[in-house]
>>> print(open('data-v6.txt').read())   # compact mmCIF, C-alpha atoms
# COMPACT_ATOMS: atom_id res chain seq x y z
CA MET A 176 -144.58 -60.73 128.67
CA SER A 177 -143.30 -57.59 130.44
CA GLN A 178 -139.83 -59.12 130.80
CA PHE A 179 -139.83 -60.00 127.08
CA ALA A 180 -140.84 -56.44 126.18
CA ALA A 181 -138.25 -54.94 128.53
CA CYS A 182 -135.45 -56.94 126.89
CA TYR A 183 -136.25 -55.60 123.43
CA LEU A 184 -137.05 -52.10 124.66
CA LEU A 185 -133.49 -51.89 125.94
CA ILE A 186 -132.25 -51.53 122.34
CA PHE A 187 -133.67 -47.99 122.25
CA GLY A 188 -131.77 -47.14 125.42
CA GLN A 189 -128.57 -48.58 123.98
CA LEU A 190 -129.02 -46.56 120.78
CA ALA A 191 -129.51 -43.37 122.79
CA VAL A 192 -126.44 -43.86 124.99
CA GLY A 193 -124.23 -45.19 122.20
CA GLY A 194 -125.35 -42.41 119.89
CA VAL A 195 -124.52 -39.69 122.40
CA ALA A 196 -121.10 -41.30 122.88
CA GLY A 197 -120.58 -41.41 119.12
CA LEU A 198 -121.14 -37.66 118.81
CA ALA A 199 -117.81 -37.11 120.58
CA VAL A 200 -115.86 -38.81 117.78
CA PRO A 201 -116.20 -36.39 114.83
CA PRO A 202 -114.34 -33.10 115.47
CA PHE A 203 -116.91 -30.50 116.52
CA ALA A 204 -114.95 -27.58 115.04
CA VAL A 205 -114.90 -29.11 111.54
CA ILE A 206 -118.56 -30.10 111.09
CA GLU A 207 -121.45 -27.65 111.06
CA ARG A 208 -123.62 -27.63 114.13
CA GLY A 209 -126.64 -28.80 112.16
CA PHE A 210 -125.26 -32.33 112.09
CA TYR A 211 -125.10 -32.43 115.88
CA LYS A 212 -128.58 -30.92 116.19
CA SER A 213 -130.22 -33.51 113.95
CA SER A 214 -128.24 -36.45 115.35
CA ALA A 215 -128.74 -35.49 119.00
CA GLY A 216 -132.45 -35.04 118.27
CA ILE A 217 -132.68 -38.61 116.95
CA PHE A 218 -130.84 -40.03 119.96
CA LEU A 219 -133.03 -37.97 122.30
CA GLY A 220 -136.05 -39.50 120.56
CA ALA A 221 -134.66 -42.98 121.24
CA ALA A 222 -134.15 -42.06 124.90
CA LEU A 223 -137.74 -40.80 125.16
CA LEU A 224 -139.04 -44.02 123.58
CA TYR A 225 -137.10 -46.13 126.06
CA LEU A 226 -138.10 -44.02 129.05
CA GLY A 227 -141.77 -43.96 128.05
CA GLY A 228 -141.82 -47.72 127.49
CA LYS A 229 -140.04 -48.39 130.76
CA VAL A 230 -142.48 -46.21 132.69
CA ALA A 231 -145.42 -48.01 131.07
CA LEU A 232 -144.00 -51.43 131.98
CA THR A 233 -143.30 -50.26 135.54
CA LEU A 234 -146.84 -48.98 136.01
CA ARG A 235 -148.20 -52.33 134.82
CA ALA A 236 -146.06 -54.36 137.20
CA ASP A 237 -147.67 -55.86 140.29
CA ALA A 238 -144.63 -55.15 142.47
CA VAL A 239 -141.79 -52.72 141.78
CA GLN A 240 -138.32 -53.20 143.22
CA PRO A 241 -136.44 -50.18 144.65
CA SER A 242 -133.73 -50.74 142.01
CA THR A 243 -136.34 -50.10 139.31
CA TRP A 244 -137.01 -46.62 140.68
CA ILE A 245 -133.27 -45.89 140.72
CA GLU A 246 -133.04 -47.10 137.13
CA LEU A 247 -135.96 -44.89 136.08
CA ALA A 248 -134.44 -41.89 137.87
CA LEU A 249 -131.14 -42.34 136.02
CA TRP A 250 -132.81 -42.70 132.61
CA THR A 251 -134.93 -39.64 133.33
CA ALA A 252 -131.84 -37.64 134.29
CA PHE A 253 -130.05 -38.84 131.14
CA THR A 254 -132.98 -37.86 128.94
CA ILE A 255 -133.21 -34.41 130.52
CA ALA A 256 -129.45 -33.84 130.23
CA THR A 257 -129.51 -34.88 126.56
CA ALA A 258 -132.42 -32.50 125.93
CA VAL A 259 -130.52 -29.63 127.58
CA TYR A 260 -127.43 -30.46 125.51
CA LEU A 261 -129.55 -30.45 122.35
CA ALA A 262 -131.01 -27.07 123.31
CA SER A 263 -127.50 -25.70 123.92
CA LEU A 264 -126.63 -26.36 120.27
CA TRP A 265 -128.88 -23.46 119.29
CA ASP A 266 -126.96 -20.79 121.24
CA GLU A 267 -123.40 -19.52 121.06
CA GLU A 268 -122.44 -20.24 124.67
CA GLN A 269 -119.83 -22.96 124.31
CA ALA A 270 -119.44 -23.41 128.07
CA ARG A 271 -123.03 -24.62 128.32
CA ARG A 272 -122.46 -27.32 125.72
CA ALA A 273 -119.17 -28.25 127.37
CA ARG A 274 -121.00 -28.76 130.68
CA TRP A 275 -124.03 -30.67 129.51
CA TYR A 276 -122.54 -33.08 127.01
CA PRO A 277 -120.37 -34.93 129.58
CA ARG A 278 -123.26 -34.87 132.03
CA ALA A 279 -125.53 -36.54 129.48
CA LEU A 280 -122.87 -39.11 128.61
CA PHE A 281 -122.06 -39.95 132.24
CA LEU A 282 -125.74 -40.27 133.17
CA GLY A 283 -126.34 -42.46 130.13
CA LEU A 284 -123.52 -44.81 131.11
CA ALA A 285 -124.83 -44.95 134.68
CA ALA A 286 -128.39 -45.63 133.49
CA LEU A 287 -127.24 -48.42 131.17
CA ALA A 288 -125.19 -49.98 133.98
CA ALA A 289 -128.23 -49.83 136.27
CA SER A 290 -130.36 -51.56 133.64
CA ALA A 291 -127.69 -54.22 133.15
CA SER A 292 -127.67 -55.02 136.85
CA THR A 293 -131.37 -55.90 136.77
CA TYR A 294 -130.67 -58.86 134.44
CA ARG A 295 -127.58 -60.15 136.26
CA VAL A 296 -127.46 -63.83 137.20
CA GLY A 297 -125.55 -64.77 140.32
CA GLY A 298 -124.80 -62.68 143.37
CA ALA A 299 -123.86 -59.03 143.53
CA LEU A 300 -120.23 -59.95 144.24
CA GLY A 301 -119.96 -62.26 141.23
CA PRO A 302 -118.26 -61.50 137.90
CA GLY A 303 -121.60 -60.57 136.36
CA THR A 304 -121.50 -57.29 138.28
CA ILE A 305 -118.74 -56.10 135.94
CA LEU A 306 -119.40 -58.19 132.84
CA TYR A 307 -123.07 -57.29 132.37
CA PRO A 308 -122.55 -53.50 132.19
CA PHE A 309 -119.57 -53.94 129.83
CA ALA A 310 -121.54 -56.26 127.55
CA PHE A 311 -124.46 -53.83 127.30
CA LEU A 312 -122.12 -50.84 126.96
CA THR A 313 -120.00 -52.23 124.13
CA GLY A 314 -123.16 -53.26 122.29
CA ALA A 315 -124.49 -49.73 122.76
CA LEU A 316 -121.25 -48.18 121.51
CA SER A 317 -121.29 -50.36 118.38
CA LEU A 318 -124.93 -49.51 117.66
CA GLY A 319 -124.37 -45.82 118.31
CA ALA A 320 -121.21 -45.74 116.19
CA VAL A 321 -122.81 -47.27 113.11
CA ALA A 322 -125.89 -45.04 113.48
CA THR A 323 -123.74 -41.92 113.82
CA GLY A 324 -121.67 -43.02 110.82
CA MET A 325 -124.80 -43.35 108.72
CA LEU A 326 -126.04 -39.92 109.84
CA LEU A 327 -122.67 -38.31 109.16
CA GLY A 328 -122.60 -39.88 105.70
CA HIS A 329 -125.87 -38.10 104.90
CA TRP A 330 -124.38 -34.81 106.04
CA TYR A 331 -121.98 -34.94 103.08
CA LEU A 332 -125.01 -34.29 100.86
CA ILE A 333 -125.41 -30.95 102.63
CA ASP A 334 -121.79 -29.93 103.20
CA LEU A 335 -120.21 -30.82 99.87
CA GLY A 336 -116.80 -29.45 100.86
CA LEU A 337 -116.49 -31.44 104.09
CA SER A 338 -113.25 -33.39 104.44
CA ILE A 339 -113.39 -37.20 104.35
CA HIS A 340 -111.42 -37.43 107.60
CA PRO A 341 -114.38 -37.12 110.04
CA LEU A 342 -116.14 -40.06 108.38
CA GLN A 343 -112.91 -42.10 108.34
CA ARG A 344 -112.40 -41.34 112.02
CA LEU A 345 -115.93 -42.42 112.88
CA PHE A 346 -115.53 -45.56 110.77
CA ARG A 347 -112.38 -46.57 112.67
CA TYR A 348 -114.21 -45.99 115.96
CA PHE A 349 -117.05 -48.26 114.78
CA VAL A 350 -114.61 -51.06 113.93
CA VAL A 351 -112.80 -50.78 117.27
CA VAL A 352 -115.95 -50.84 119.45
CA THR A 353 -117.49 -53.67 117.40
CA VAL A 354 -114.38 -55.83 117.78
CA LEU A 355 -114.35 -54.95 121.49
CA HIS A 356 -117.99 -56.05 121.73
CA VAL A 357 -117.13 -59.47 120.26
CA VAL A 358 -114.25 -59.80 122.72
CA VAL A 359 -116.50 -58.89 125.66
CA ILE A 360 -119.13 -61.43 124.55
CA GLY A 361 -116.48 -64.17 124.46
CA LEU A 362 -115.01 -63.07 127.78
CA THR A 363 -118.46 -63.00 129.39
CA LEU A 364 -119.22 -66.54 128.28
CA GLY A 365 -115.82 -67.83 129.40
CA VAL A 366 -115.78 -66.18 132.80
CA LEU A 367 -119.38 -67.09 133.66
CA ALA A 368 -118.83 -70.69 132.55
CA LEU A 369 -115.86 -70.97 134.92
CA SER A 370 -117.48 -69.11 137.79
CA GLY A 371 -119.94 -71.85 138.70
CA GLY A 372 -123.39 -71.31 140.15
CA ALA A 373 -126.14 -69.54 138.22
CA GLY A 374 -123.75 -68.09 135.65
CA ALA A 375 -122.36 -71.49 134.66
CA ALA A 376 -125.88 -72.92 134.54
CA ALA A 377 -126.97 -70.14 132.19
CA VAL A 378 -124.01 -70.77 129.86
CA ALA A 379 -124.77 -74.51 129.90
CA LEU A 380 -128.39 -73.78 129.03
CA LEU A 381 -127.25 -71.58 126.15
CA PHE A 382 -124.99 -74.20 124.56
CA GLU A 383 -127.35 -77.12 125.18
CA HIS A 384 -130.57 -75.57 123.91
CA HIS A 385 -129.75 -72.32 122.10
CA ALA A 386 -126.42 -72.89 120.32
CA PRO A 387 -127.88 -72.10 116.84
CA LEU A 388 -129.29 -68.86 118.25
CA LEU A 389 -125.85 -67.91 119.57
CA ALA A 390 -124.28 -68.69 116.19
CA ALA A 391 -126.89 -66.55 114.42
CA ARG A 392 -126.38 -63.74 116.94
CA LEU A 393 -122.66 -63.61 116.12
CA LEU A 394 -122.71 -64.33 112.38
CA LEU A 395 -125.68 -62.10 111.53
CA GLY A 396 -124.55 -59.41 113.98
CA PRO A 397 -121.00 -58.18 114.61
CA VAL A 398 -119.27 -60.65 112.25
CA ALA A 399 -121.42 -59.60 109.29
CA ALA A 400 -121.11 -55.93 110.30
CA LEU A 401 -117.30 -56.23 110.30
CA GLY A 402 -117.50 -57.79 106.85
CA ILE A 403 -119.41 -54.72 105.64
CA ALA A 404 -116.85 -52.58 107.46
CA TYR A 405 -114.16 -53.92 105.12
CA LEU A 406 -116.25 -52.75 102.15
CA ILE A 407 -116.70 -49.33 103.81
CA HIS A 408 -112.93 -49.13 104.25
CA ARG A 409 -112.36 -49.82 100.56
CA THR A 410 -115.06 -47.32 99.57
CA LEU A 411 -113.64 -44.53 101.74
CA ALA A 412 -110.24 -45.11 100.15
CA ILE A 413 -111.62 -43.99 96.76
CA PRO A 414 -113.11 -41.80 98.41
CA GLN A 415 -116.86 -42.20 97.79
CA THR A 416 -118.95 -40.99 100.72
CA MET A 417 -122.37 -41.83 99.30
CA ALA A 418 -121.47 -45.45 98.63
CA ALA A 419 -119.99 -45.64 102.14
CA THR A 420 -123.25 -44.24 103.56
CA GLY A 421 -125.22 -46.96 101.77
CA LEU A 422 -122.92 -49.57 103.28
CA PHE A 423 -123.42 -48.00 106.73
CA TYR A 424 -127.15 -48.62 106.16
CA ILE A 425 -126.45 -52.31 105.64
CA ALA A 426 -124.07 -52.41 108.62
CA ILE A 427 -126.65 -50.87 110.96
CA LEU A 428 -129.14 -53.57 109.92
CA PHE A 429 -126.65 -56.29 110.88
CA VAL A 430 -125.84 -54.62 114.20
CA LEU A 431 -129.56 -54.28 114.96
CA VAL A 432 -130.25 -57.91 114.06
CA GLY A 433 -127.39 -58.96 116.32
CA GLU A 434 -128.71 -56.91 119.22
CA MET A 435 -132.24 -58.22 118.72
CA LEU A 436 -131.01 -61.81 118.77
CA GLY A 437 -128.92 -60.91 121.80
CA ARG A 438 -132.02 -59.67 123.59
CA LEU A 439 -133.74 -62.97 122.79
CA ILE A 440 -130.79 -64.79 124.37
CA LEU A 441 -131.08 -62.44 127.35
CA PHE A 442 -134.75 -63.30 127.75
CA ARG A 443 -134.22 -67.08 127.45
CA THR A 444 -131.02 -67.50 129.44
CA GLY A 445 -130.33 -64.27 131.34
CA LEU A 446 -126.97 -63.82 129.55
CA PRO A 447 -126.08 -60.31 128.27
CA LEU A 448 -125.14 -61.28 124.73
>>> encode(input="data-v6.txt", output="structure tokens")
Amino acid sequence: MSQFAACYLLIFGQLAVGGVAGLAVPPFAVIERGFYKSSAGIFLGAALLYLGGKVALTLRADAVQPSTWIELALWTAFTIATAVYLASLWDEEQARRARWYPRALFLGLAALAASASTYRVGGALGPGTILYPFAFLTGALSLGAVATGMLLGHWYLIDLGLSIHPLQRLFRYFVVVTVLHVVVIGLTLGVLALSGGAGAAAVALLFEHHAPLLAARLLLGPVAALGIAYLIHRTLAIPQTMAATGLFYIAILFVLVGEMLGRLILFRTGLPL
């Protein structure tokens, strides 16, 4: 049960890391700082939820591996760095924000990579060492991008004179990272299938017993989200920010469904899809 819970809990960590990464896309000088305060606060909340859940699962475990303590230390450092970055948004010292944002982002990437390594099938020198972190990272970037896009869309209700360009820029980023996520999923399956050993066995298990689940993970996840992305593109061309924000709501549901089905695949097969 703890492994099942850990797989789904990871979505909060992905949202936190991907959301922090997404904050770098809109131009800081163009948008009022309130957007970054509210958005960073939400992503910090996701980080706290993941960290609290991970600590609870660790304390319940009969035996704790040394890698788990390293993972917890990295997530704790990421959460603290994100909190300091959020606090820096309330003062006028730009150098403080410039220092703590990249620290939070780097620690988040390191923490996500550490979590990915705990699910890896095969040896430490196998292709999973690289593929697992990339699979989790691209999923996190897609989730963070669509969440940040939805939050930015709401900001247009507050700043009525804000240019459409920041939302268009964030939309393009969402499309790119989502397509990249699909490519990484396909590459992960192909490389592990050809690598032999535990990775090939996991891919065989997936296609023999969970092929409908894989199809649902793709069709109800990134494929459906990219379909909504086309509608967002057409809406932003009008431009109509509120309609685009509503479509971002639908897109984030598809991305979340895809990630949830991916975590079920992770639990059943050990594959980072």
>>> residues_around(input="data-v6.txt", residues="Leu234 in chain A", least_positions_apart="4", cutoff="12 Å", atoms="only C-alpha atoms", output="PDB file with C-alpha atoms, keeping the file's coordinate frame")
ATOM      1  CA  SER A 177    -143.300 -57.590 130.440  1.00  0.00           C
ATOM      2  CA  GLY A 227    -141.770 -43.960 128.050  1.00  0.00           C
ATOM      3  CA  GLY A 228    -141.820 -47.720 127.490  1.00  0.00           C
ATOM      4  CA  LYS A 229    -140.040 -48.390 130.760  1.00  0.00           C
ATOM      5  CA  VAL A 230    -142.480 -46.210 132.690  1.00  0.00           C
ATOM      6  CA  ALA A 238    -144.630 -55.150 142.470  1.00  0.00           C
ATOM      7  CA  VAL A 239    -141.790 -52.720 141.780  1.00  0.00           C
ATOM      8  CA  GLN A 240    -138.320 -53.200 143.220  1.00  0.00           C
ATOM      9  CA  THR A 243    -136.340 -50.100 139.310  1.00  0.00           C
ATOM     10  CA  TRP A 244    -137.010 -46.620 140.680  1.00  0.00           C
ATOM     11  CA  LEU A 247    -135.960 -44.890 136.080  1.00  0.00           C
TER      12      LEU A 247
END
>>> residues_around(input="data-v6.txt", residues="range 437-446 of chain A", least_positions_apart="2", cutoff="9 Å", atoms="all atoms listed in the file", output="list in words")
Gln178, Phe179, Cys182, Tyr183, Leu185, Ile186, Tyr294, Arg295, Val296, Tyr307, Thr363, Leu364, Gly374, Ala377, Val378, Leu380, Leu381, His385, Leu388, Leu389, Arg392, Leu393, Val432, Gly433, Glu434, Met435 and Leu448 of chain A
>>> closest_residue(input="data-v6.txt", among="A:Val195, A:Ala412, A:Ile333, A:Ala426", to="Leu280 in chain A", atoms="only C-alpha atoms")
A:Val195
>>> closest_residue(input="data-v6.txt", among="A:Phe423, A:Tyr276, A:Phe346, A:Phe187", to="Ala222 in chain A", atoms="only C-alpha atoms")
A:Phe187
>>> residues_around(input="data-v6.txt", residues="Gly209 in chain A", least_positions_apart="4", cutoff="12 Å", atoms="only C-alpha atoms", output="PDB file with C-alpha atoms, in the frame of the given file")
ATOM      1  CA  PHE A 203    -116.910 -30.500 116.520  1.00  0.00           C
ATOM      2  CA  VAL A 205    -114.900 -29.110 111.540  1.00  0.00           C
ATOM      3  CA  SER A 213    -130.220 -33.510 113.950  1.00  0.00           C
ATOM      4  CA  SER A 214    -128.240 -36.450 115.350  1.00  0.00           C
ATOM      5  CA  ALA A 215    -128.740 -35.490 119.000  1.00  0.00           C
ATOM      6  CA  GLY A 216    -132.450 -35.040 118.270  1.00  0.00           C
ATOM      7  CA  LEU A 261    -129.550 -30.450 122.350  1.00  0.00           C
ATOM      8  CA  LEU A 264    -126.630 -26.360 120.270  1.00  0.00           C
ATOM      9  CA  TRP A 265    -128.880 -23.460 119.290  1.00  0.00           C
ATOM     10  CA  LEU A 326    -126.040 -39.920 109.840  1.00  0.00           C
ATOM     11  CA  LEU A 327    -122.670 -38.310 109.160  1.00  0.00           C
ATOM     12  CA  HIS A 329    -125.870 -38.100 104.900  1.00  0.00           C
ATOM     13  CA  TRP A 330    -124.380 -34.810 106.040  1.00  0.00           C
ATOM     14  CA  TYR A 331    -121.980 -34.940 103.080  1.00  0.00           C
ATOM     15  CA  ILE A 333    -125.410 -30.950 102.630  1.00  0.00           C
ATOM     16  CA  ASP A 334    -121.790 -29.930 103.200  1.00  0.00           C
TER      17      ASP A 334
END
>>> closest_residue(input="data-v6.txt", among="A:Pro308, A:Gly421, A:Gly319, A:Gly303", to="Leu406 in chain A", atoms="only C-alpha atoms")
A:Gly421
>>> atom_distance(input="data-v6.txt", atom1="CA of Ile427 in chain A", atom2="CA of Val321 in chain A")
5.7 Å
>>> residues_around(input="data-v6.txt", residues="Val200 in chain A", least_positions_apart="5", cutoff="12 Å", atoms="all atoms listed in the file", output="list in words")
Gly193, Gly194, Val195, Val205, Ile206, Tyr211, Leu316, Gly319, Ala320, Val321, Thr323, Gly324, Leu327, His340, Pro341, Leu342, Gln343, Arg344, Leu345, Phe346, Arg347, Tyr348 and Phe349 of chain A
>>> write_last_selection(input="data-v6.txt", atoms="C-alpha atoms", output="PDB file, in the frame of the given file")
ATOM      1  CA  GLY A 193    -124.230 -45.190 122.200  1.00  0.00           C
ATOM      2  CA  GLY A 194    -125.350 -42.410 119.890  1.00  0.00           C
ATOM      3  CA  VAL A 195    -124.520 -39.690 122.400  1.00  0.00           C
ATOM      4  CA  VAL A 205    -114.900 -29.110 111.540  1.00  0.00           C
ATOM      5  CA  ILE A 206    -118.560 -30.100 111.090  1.00  0.00           C
ATOM      6  CA  TYR A 211    -125.100 -32.430 115.880  1.00  0.00           C
ATOM      7  CA  LEU A 316    -121.250 -48.180 121.510  1.00  0.00           C
ATOM      8  CA  GLY A 319    -124.370 -45.820 118.310  1.00  0.00           C
ATOM      9  CA  ALA A 320    -121.210 -45.740 116.190  1.00  0.00           C
ATOM     10  CA  VAL A 321    -122.810 -47.270 113.110  1.00  0.00           C
ATOM     11  CA  THR A 323    -123.740 -41.920 113.820  1.00  0.00           C
ATOM     12  CA  GLY A 324    -121.670 -43.020 110.820  1.00  0.00           C
ATOM     13  CA  LEU A 327    -122.670 -38.310 109.160  1.00  0.00           C
ATOM     14  CA  HIS A 340    -111.420 -37.430 107.600  1.00  0.00           C
ATOM     15  CA  PRO A 341    -114.380 -37.120 110.040  1.00  0.00           C
ATOM     16  CA  LEU A 342    -116.140 -40.060 108.380  1.00  0.00           C
ATOM     17  CA  GLN A 343    -112.910 -42.100 108.340  1.00  0.00           C
ATOM     18  CA  ARG A 344    -112.400 -41.340 112.020  1.00  0.00           C
ATOM     19  CA  LEU A 345    -115.930 -42.420 112.880  1.00  0.00           C
ATOM     20  CA  PHE A 346    -115.530 -45.560 110.770  1.00  0.00           C
ATOM     21  CA  ARG A 347    -112.380 -46.570 112.670  1.00  0.00           C
ATOM     22  CA  TYR A 348    -114.210 -45.990 115.960  1.00  0.00           C
ATOM     23  CA  PHE A 349    -117.050 -48.260 114.780  1.00  0.00           C
TER      24      PHE A 349
END
>>> atom_distance(input="data-v6.txt", atom1="CA of Ala322 in chain A", atom2="CA of Gln415 in chain A")
18.3 Å
>>> closest_residue(input="data-v6.txt", among="A:Leu337, A:Ala310, A:Leu284, A:Ala376", to="Leu355 in chain A", atoms="only C-alpha atoms")
A:Ala310
>>> closest_residue(input="data-v6.txt", among="A:Ala289, A:Ala180, A:Met325, A:Gly301", to="Ile245 in chain A", atoms="only C-alpha atoms")
A:Ala289
>>> residues_around(input="data-v6.txt", residues="Ala262 in chain A", least_positions_apart="5", cutoff="12 Å", atoms="all atoms listed in the file", output="mmCIF file with C-alpha atoms, in the coordinates of the input")
data_model
loop_
_atom_site.group_PDB
_atom_site.id
_atom_site.type_symbol
_atom_site.label_atom_id
_atom_site.label_comp_id
_atom_site.auth_asym_id
_atom_site.auth_seq_id
_atom_site.Cartn_x
_atom_site.Cartn_y
_atom_site.Cartn_z
ATOM 1 C CA ARG A 208 -123.620 -27.630 114.130
ATOM 2 C CA TYR A 211 -125.100 -32.430 115.880
ATOM 3 C CA LYS A 212 -128.580 -30.920 116.190
ATOM 4 C CA SER A 213 -130.220 -33.510 113.950
ATOM 5 C CA ALA A 215 -128.740 -35.490 119.000
ATOM 6 C CA GLY A 216 -132.450 -35.040 118.270
ATOM 7 C CA LEU A 219 -133.030 -37.970 122.300
ATOM 8 C CA ILE A 255 -133.210 -34.410 130.520
ATOM 9 C CA ALA A 256 -129.450 -33.840 130.230
ATOM 10 C CA THR A 257 -129.510 -34.880 126.560
ATOM 11 C CA GLU A 267 -123.400 -19.520 121.060
ATOM 12 C CA GLU A 268 -122.440 -20.240 124.670
ATOM 13 C CA GLN A 269 -119.830 -22.960 124.310
ATOM 14 C CA ARG A 271 -123.030 -24.620 128.320
ATOM 15 C CA ARG A 272 -122.460 -27.320 125.720
ATOM 16 C CA TRP A 275 -124.030 -30.670 129.510
ATOM 17 C CA TYR A 276 -122.540 -33.080 127.010
#
>>> atom_distance(input="data-v6.txt", atom1="CA of Thr293 in chain A", atom2="CA of Asp237 in chain A")
16.7 Å
>>> closest_residue(input="data-v6.txt", among="A:Leu223, A:Leu401, A:Met417, A:Leu332", to="Val352 in chain A", atoms="only C-alpha atoms")
A:Leu401
